[in-house]
$ cat work_35.pdb   # PDB, C-alpha atoms
ATOM      1  CA  MET A 175       0.000   0.000   0.000  1.00  0.00           C
ATOM      2  CA  PHE A 176       1.764   3.234   1.070  1.00  0.00           C
ATOM      3  CA  ILE A 177       5.092   1.922   2.290  1.00  0.00           C
ATOM      4  CA  THR A 178       5.595  -0.289  -0.773  1.00  0.00           C
ATOM      5  CA  THR A 179       5.120   2.683  -3.116  1.00  0.00           C
ATOM      6  CA  GLN A 180       7.716   4.911  -1.461  1.00  0.00           C
ATOM      7  CA  PRO A 181      11.287   5.403  -2.649  1.00  0.00           C
ATOM      8  CA  LYS A 182      13.598   2.677  -1.362  1.00  0.00           C
ATOM      9  CA  HIS A 183      15.818   5.103   0.562  1.00  0.00           C
ATOM     10  CA  ASN A 184      12.796   6.411   2.514  1.00  0.00           C
ATOM     11  CA  THR A 185      11.656   2.908   3.398  1.00  0.00           C
ATOM     12  CA  GLU A 186      15.178   1.887   4.439  1.00  0.00           C
ATOM     13  CA  LYS A 187      15.466   5.017   6.592  1.00  0.00           C
ATOM     14  CA  TYR A 188      12.134   4.160   8.237  1.00  0.00           C
ATOM     15  CA  ILE A 189      13.181   0.566   8.954  1.00  0.00           C
ATOM     16  CA  LYS A 190      16.482   1.754  10.467  1.00  0.00           C
ATOM     17  CA  THR A 191      14.660   4.338  12.559  1.00  0.00           C
ATOM     18  CA  LEU A 192      12.194   1.768  13.924  1.00  0.00           C
ATOM     19  CA  LYS A 193      15.039  -0.669  14.680  1.00  0.00           C
ATOM     20  CA  SER A 194      16.948   2.063  16.534  1.00  0.00           C
ATOM     21  CA  LEU A 195      13.890   3.077  18.522  1.00  0.00           C
ATOM     22  CA  GLY A 196      13.207  -0.551  19.403  1.00  0.00           C
ATOM     23  CA  ALA A 197      16.821  -1.082  20.466  1.00  0.00           C
ATOM     24  CA  ILE A 198      16.861   1.823  22.913  1.00  0.00           C
ATOM     25  CA  SER A 199      13.478   0.933  24.426  1.00  0.00           C
ATOM     26  CA  LYS A 200      15.271  -1.416  26.863  1.00  0.00           C
ATOM     27  CA  LEU A 201      16.505   1.771  28.569  1.00  0.00           C
ATOM     28  CA  PHE A 202      13.002   2.498  29.857  1.00  0.00           C
ATOM     29  CA  SER A 203      11.087  -0.773  29.622  1.00  0.00           C
ATOM     30  CA  ASP A 204      11.683  -4.345  30.790  1.00  0.00           C
ATOM     31  CA  SER A 205       9.165  -5.778  28.337  1.00  0.00           C
ATOM     32  CA  GLU A 206      10.183  -8.234  25.611  1.00  0.00           C
ATOM     33  CA  ASN A 207       8.097  -6.074  23.302  1.00  0.00           C
ATOM     34  CA  PRO A 208       9.915  -2.913  22.236  1.00  0.00           C
ATOM     35  CA  TYR A 209       8.272   0.287  23.392  1.00  0.00           C
ATOM     36  CA  LEU A 210       7.155   2.895  20.875  1.00  0.00           C
ATOM     37  CA  GLY A 211       5.168   5.932  21.959  1.00  0.00           C
ATOM     38  CA  TYR A 212       2.500   7.069  19.559  1.00  0.00           C
ATOM     39  CA  ARG A 213       3.982  10.565  19.138  1.00  0.00           C
ATOM     40  CA  VAL A 214       7.388   9.066  18.384  1.00  0.00           C
ATOM     41  CA  ALA A 215       5.798   6.769  15.794  1.00  0.00           C
ATOM     42  CA  GLU A 216       3.998   9.693  14.140  1.00  0.00           C
ATOM     43  CA  ASN A 217       7.124  11.855  14.068  1.00  0.00           C
ATOM     44  CA  ALA A 218       9.356   9.033  12.765  1.00  0.00           C
ATOM     45  CA  PHE A 219       6.900   8.248   9.967  1.00  0.00           C
ATOM     46  CA  CYS A 220       6.635  11.887   8.862  1.00  0.00           C
ATOM     47  CA  LEU A 221      10.392  12.428   9.058  1.00  0.00           C
ATOM     48  CA  CYS A 222      11.292   9.326   7.053  1.00  0.00           C
ATOM     49  CA  PHE A 223       8.621   9.725   4.367  1.00  0.00           C
ATOM     50  CA  ASP A 224       8.660  13.532   4.102  1.00  0.00           C
ATOM     51  CA  ALA A 225       4.986  13.583   5.075  1.00  0.00           C
ATOM     52  CA  GLU A 226       3.113  16.503   6.581  1.00  0.00           C
ATOM     53  CA  ASN A 227       2.543  15.895  10.289  1.00  0.00           C
ATOM     54  CA  LEU A 228      -1.147  16.394  11.125  1.00  0.00           C
ATOM     55  CA  ALA A 229      -1.111  14.531  14.443  1.00  0.00           C
ATOM     56  CA  ARG A 230      -1.941  17.600  16.530  1.00  0.00           C
ATOM     57  CA  ALA A 231      -4.963  18.463  14.352  1.00  0.00           C
ATOM     58  CA  ASP A 232      -7.091  15.872  16.227  1.00  0.00           C
ATOM     59  CA  THR A 233      -8.608  14.258  13.144  1.00  0.00           C
ATOM     60  CA  SER A 234      -8.585  10.674  11.877  1.00  0.00           C
ATOM     61  CA  VAL A 235      -5.305  11.209  10.063  1.00  0.00           C
ATOM     62  CA  ASP A 236      -1.890  11.835  11.575  1.00  0.00           C
ATOM     63  CA  ALA A 237       0.056  12.372   8.367  1.00  0.00           C
ATOM     64  CA  LYS A 238      -0.530  13.543   4.823  1.00  0.00           C
ATOM     65  CA  LYS A 239       1.470  12.697   1.735  1.00  0.00           C
ATOM     66  CA  GLY A 240      -0.015  14.135  -1.428  1.00  0.00           C
ATOM     67  CA  ALA A 241      -3.745  13.384  -1.343  1.00  0.00           C
ATOM     68  CA  THR A 242      -3.298  10.398   0.998  1.00  0.00           C
ATOM     69  CA  GLY A 243      -4.175  10.670   4.670  1.00  0.00           C
ATOM     70  CA  ILE A 244      -2.526   8.215   7.057  1.00  0.00           C
ATOM     71  CA  GLY A 245      -3.733   7.302  10.532  1.00  0.00           C
ATOM     72  CA  ILE A 246      -0.659   6.056  12.411  1.00  0.00           C
ATOM     73  CA  LYS A 247      -1.455   3.571  15.169  1.00  0.00           C
ATOM     74  CA  THR A 248       0.663   1.569  17.591  1.00  0.00           C
ATOM     75  CA  PHE A 249      -0.571  -1.731  18.998  1.00  0.00           C
ATOM     76  CA  LEU A 250       0.776  -4.292  21.406  1.00  0.00           C
ATOM     77  CA  ASP A 251       0.649  -7.902  20.209  1.00  0.00           C
ATOM     78  CA  VAL A 252      -0.657  -9.449  23.415  1.00  0.00           C
ATOM     79  CA  LYS A 253      -1.023 -13.109  22.436  1.00  0.00           C
ATOM     80  CA  GLY A 254      -1.169 -14.703  19.031  1.00  0.00           C
ATOM     81  CA  GLY A 255      -2.173 -11.608  17.132  1.00  0.00           C
ATOM     82  CA  VAL A 256      -4.876 -10.560  19.599  1.00  0.00           C
ATOM     83  CA  SER A 257      -4.768  -6.945  20.715  1.00  0.00           C
ATOM     84  CA  LEU A 258      -7.514  -4.701  21.995  1.00  0.00           C
ATOM     85  CA  GLN A 259      -6.684  -1.086  21.230  1.00  0.00           C
ATOM     86  CA  LYS A 260      -8.751   1.995  20.580  1.00  0.00           C
ATOM     87  CA  ILE A 261      -8.929   3.538  17.140  1.00  0.00           C
ATOM     88  CA  ALA A 262     -11.037   6.557  18.068  1.00  0.00           C
ATOM     89  CA  GLU A 263     -12.692   7.988  21.150  1.00  0.00           C
ATOM     90  CA  PHE A 264     -16.065   9.654  21.187  1.00  0.00           C
ATOM     91  CA  ASN A 265     -16.116  10.896  24.778  1.00  0.00           C
ATOM     92  CA  LYS A 266     -17.131  14.435  23.790  1.00  0.00           C
ATOM     93  CA  ALA A 267     -20.104  13.023  21.865  1.00  0.00           C
ATOM     94  CA  ARG A 268     -21.287  10.850  24.768  1.00  0.00           C
ATOM     95  CA  ASN A 269     -24.516  12.860  25.049  1.00  0.00           C
ATOM     96  CA  LEU A 270     -25.394  11.733  21.516  1.00  0.00           C
ATOM     97  CA  TYR A 271     -25.224   8.025  22.327  1.00  0.00           C
ATOM     98  CA  LYS A 272     -25.569   7.598  26.110  1.00  0.00           C
ATOM     99  CA  ASN A 273     -29.323   6.967  25.794  1.00  0.00           C
ATOM    100  CA  TYR A 274     -28.606   3.924  23.612  1.00  0.00           C
ATOM    101  CA  LEU A 275     -26.433   2.033  26.113  1.00  0.00           C
ATOM    102  CA  GLU A 276     -29.264  -0.472  26.665  1.00  0.00           C
ATOM    103  CA  ASP A 277     -29.909  -0.910  22.926  1.00  0.00           C
ATOM    104  CA  PRO A 278     -26.757  -2.328  21.282  1.00  0.00           C
ATOM    105  CA  VAL A 279     -28.050  -1.965  17.708  1.00  0.00           C
ATOM    106  CA  LYS A 280     -28.851   1.739  18.120  1.00  0.00           C
ATOM    107  CA  LEU A 281     -25.580   2.264  19.999  1.00  0.00           C
ATOM    108  CA  VAL A 282     -23.491   0.691  17.231  1.00  0.00           C
ATOM    109  CA  ARG A 283     -25.413   2.664  14.598  1.00  0.00           C
ATOM    110  CA  GLU A 284     -24.772   5.967  16.403  1.00  0.00           C
ATOM    111  CA  ILE A 285     -21.066   5.254  16.985  1.00  0.00           C
ATOM    112  CA  THR A 286     -20.760   4.185  13.339  1.00  0.00           C
ATOM    113  CA  ASN A 287     -22.335   7.461  12.207  1.00  0.00           C
ATOM    114  CA  LEU A 288     -19.931   9.400  14.431  1.00  0.00           C
ATOM    115  CA  ARG A 289     -16.936   7.498  13.017  1.00  0.00           C
ATOM    116  CA  ASN A 290     -18.047   7.987   9.408  1.00  0.00           C
ATOM    117  CA  LYS A 291     -18.543  11.717   9.986  1.00  0.00           C
ATOM    118  CA  ARG A 292     -15.094  11.960  11.596  1.00  0.00           C
ATOM    119  CA  ILE A 293     -13.449  10.251   8.617  1.00  0.00           C
ATOM    120  CA  GLN A 294     -15.327  12.403   6.100  1.00  0.00           C
ATOM    121  CA  LEU A 295     -14.379  15.532   8.052  1.00  0.00           C
ATOM    122  CA  ALA A 296     -10.678  14.587   7.872  1.00  0.00           C
ATOM    123  CA  LYS A 297     -10.983  14.073   4.103  1.00  0.00           C
ATOM    124  CA  ASP A 298     -12.676  17.447   3.682  1.00  0.00           C
ATOM    125  CA  ILE A 299     -10.426  19.473   6.015  1.00  0.00           C
ATOM    126  CA  HIS A 300      -7.160  18.135   4.594  1.00  0.00           C
ATOM    127  CA  ASP A 301      -8.342  17.742   0.973  1.00  0.00           C
ATOM    128  CA  LEU A 302      -7.682  13.999   0.833  1.00  0.00           C
ATOM    129  CA  ASP A 303      -8.722  11.413  -1.752  1.00  0.00           C
ATOM    130  CA  PHE A 304      -7.582   8.291   0.094  1.00  0.00           C
ATOM    131  CA  LEU A 305      -7.254   7.341   3.753  1.00  0.00           C
ATOM    132  CA  MET A 306      -5.421   4.448   5.338  1.00  0.00           C
ATOM    133  CA  TYR A 307      -4.143   3.088   8.624  1.00  0.00           C
ATOM    134  CA  HIS A 308      -0.427   2.506   9.102  1.00  0.00           C
ATOM    135  CA  SER A 309      -0.187   0.288  12.182  1.00  0.00           C
ATOM    136  CA  ILE A 310       2.976  -0.610  14.021  1.00  0.00           C
ATOM    137  CA  ILE A 311       2.483  -3.725  16.110  1.00  0.00           C
ATOM    138  CA  ARG A 312       4.929  -4.207  18.954  1.00  0.00           C
ATOM    139  CA  GLY A 313       5.721  -7.922  19.050  1.00  0.00           C
ATOM    140  CA  LYS A 314       8.298  -9.967  20.921  1.00  0.00           C
ATOM    141  CA  GLY A 315      11.620  -8.387  20.000  1.00  0.00           C
ATOM    142  CA  LYS A 316      10.346  -6.706  16.844  1.00  0.00           C
ATOM    143  CA  PHE A 317       7.897  -4.374  15.161  1.00  0.00           C
ATOM    144  CA  TYR A 318       5.422  -5.457  12.508  1.00  0.00           C
ATOM    145  CA  VAL A 319       3.940  -2.942  10.086  1.00  0.00           C
ATOM    146  CA  VAL A 320       0.432  -3.487   8.750  1.00  0.00           C
ATOM    147  CA  GLU A 321      -1.438  -1.151   6.409  1.00  0.00           C
ATOM    148  CA  GLU A 322      -5.186  -1.139   5.808  1.00  0.00           C
ATOM    149  CA  VAL A 323      -7.617   1.094   3.959  1.00  0.00           C
ATOM    150  CA  MET A 324      -9.552   3.486   6.224  1.00  0.00           C
ATOM    151  CA  GLU A 325     -13.026   3.177   4.805  1.00  0.00           C
ATOM    152  CA  LEU A 326     -16.399   4.436   5.834  1.00  0.00           C
ATOM    153  CA  ILE A 327     -18.498   1.741   7.471  1.00  0.00           C
ATOM    154  CA  ASN A 328     -21.460   0.679   5.354  1.00  0.00           C
ATOM    155  CA  ILE A 329     -24.216   0.871   7.950  1.00  0.00           C
ATOM    156  CA  GLU A 330     -26.742  -1.075   5.879  1.00  0.00           C
ATOM    157  CA  ASN A 331     -24.404  -4.048   5.568  1.00  0.00           C
TER     158      ASN A 331
END
$ encode --input "work_35.pdb" --output "structure tokens"
Amino acid sequence: MFITTQPKHNTEKYIKTLKSLGAISKLFSDSENPYLGYRVAENAFCLCFDAENLARADTSVDAKKGATGIGIKTFLDVKGGVSLQKIAEFNKARNLYKNYLEDPVKLVREITNLRNKRIQLAKDIHDLDFLMYHSIIRGKGKFYVVEEVMELINIEN
């Protein structure tokens, strides 16, 4: 997806940067999984790929390269590929969905609408044609990079 379309020197720089960050994480963590703070991940990505850093804009995308918006996420591989991590929070919109806490279908529908609006807003604000997730999974002794399309959820399906 994104990383495979970038110039080789940018990708190599990114791999070296992630390896270096993983290597020094033993200075502040005893975990077998290298530590990588989300702000560090966002900054490393933007630096290595000459992307515009949008992380402080509080939208669904943390970086922009051309007309592509990238949401940069870090996850911990807990056991066998299972990891529960947040993608987005809707605490400020709680008043819009708190009445549906007893009705799971209405609750999911409302949260889905909020997510879709948030994604569309990011596309509109930053003039983007394509959105994707760039996820860095912290596994035992290494990082894994996974990229996925950031699509609107089809509520009817």
$ closest_residue --input "work_35.pdb" --among "A:Ile177, A:Val282, A:Ala237, A:Leu250" --to "A:Gly315" --atoms "all atoms listed in the file"
A:Leu250
$ resolve_selection --input "work_35.pdb" --expression "the PyMOL selection byres ((chain A and resi 220-225) around 7)" --output "list of chain:residue names"
A:Asn184, A:Lys187, A:Tyr188, A:Glu216, A:Asn217, A:Ala218, A:Phe219, A:Glu226, A:Asn227, A:Ala237, A:Lys238, A:Lys239
$ resolve_selection --input "work_35.pdb" --expression "the PyMOL selection byres ((chain A and resi 241-245) around 7)" --output "PyMOL selection string"
chain A and resi 234-240+246-247+301-308
$ resolve_selection --input "work_35.pdb" --expression "the PyMOL selection byres ((chain A and resi 249) around 9)" --output "ChimeraX atom specification"
/A:247-248,250-252,257-259,309-313
$ write_last_selection --input "work_35.pdb" --atoms "C-alpha atoms" --output "mmCIF file, in the coordinates of the input"
data_model
loop_
_atom_site.group_PDB
_atom_site.id
_atom_site.type_symbol
_atom_site.label_atom_id
_atom_site.label_comp_id
_atom_site.auth_asym_id
_atom_site.auth_seq_id
_atom_site.Cartn_x
_atom_site.Cartn_y
_atom_site.Cartn_z
ATOM 1 C CA LYS A 247 -1.455 3.571 15.169
ATOM 2 C CA THR A 248 0.663 1.569 17.591
ATOM 3 C CA LEU A 250 0.776 -4.292 21.406
ATOM 4 C CA ASP A 251 0.649 -7.902 20.209
ATOM 5 C CA VAL A 252 -0.657 -9.449 23.415
ATOM 6 C CA SER A 257 -4.768 -6.945 20.715
ATOM 7 C CA LEU A 258 -7.514 -4.701 21.995
ATOM 8 C CA GLN A 259 -6.684 -1.086 21.230
ATOM 9 C CA SER A 309 -0.187 0.288 12.182
ATOM 10 C CA ILE A 310 2.976 -0.610 14.021
ATOM 11 C CA ILE A 311 2.483 -3.725 16.110
ATOM 12 C CA ARG A 312 4.929 -4.207 18.954
ATOM 13 C CA GLY A 313 5.721 -7.922 19.050
#
$ residues_around --input "work_35.pdb" --residues "stretch 271-275 of chain A" --least-positions-apart "6" --cutoff "12 Å" --atoms "only C-alpha atoms" --output "mmCIF file with C-alpha atoms, in the frame of the given file"
data_model
loop_
_atom_site.group_PDB
_atom_site.id
_atom_site.type_symbol
_atom_site.label_atom_id
_atom_site.label_comp_id
_atom_site.auth_asym_id
_atom_site.auth_seq_id
_atom_site.Cartn_x
_atom_site.Cartn_y
_atom_site.Cartn_z
ATOM 1 C CA PHE A 264 -16.065 9.654 21.187
ATOM 2 C CA ASN A 265 -16.116 10.896 24.778
ATOM 3 C CA LEU A 281 -25.580 2.264 19.999
ATOM 4 C CA VAL A 282 -23.491 0.691 17.231
ATOM 5 C CA ARG A 283 -25.413 2.664 14.598
ATOM 6 C CA GLU A 284 -24.772 5.967 16.403
ATOM 7 C CA ILE A 285 -21.066 5.254 16.985
ATOM 8 C CA THR A 286 -20.760 4.185 13.339
ATOM 9 C CA ASN A 287 -22.335 7.461 12.207
ATOM 10 C CA LEU A 288 -19.931 9.400 14.431
#
$ atom_distance --input "work_35.pdb" --atom1 "atom CA of A:Pro181" --atom2 "atom CA of A:Val319"
16.9 Å
$ atom_distance --input "work_35.pdb" --atom1 "atom CA of A:Arg289" --atom2 "atom CA of A:Leu326"
7.8 Å
$ axis_aligned_box --input "work_35.pdb" --around "stretch 268-279 of chain A" --padding-each-side "5 Å" --output "lines of an AutoDock Vina configuration file"
center_x = -25.6
center_y = 5.3
center_z = 22.2
size_x = 18.6
size_y = 25.2
size_z = 19.0
$ atom_distance --input "work_35.pdb" --atom1 "atom CA of A:Phe176" --atom2 "atom CA of A:Lys314"
24.7 Å
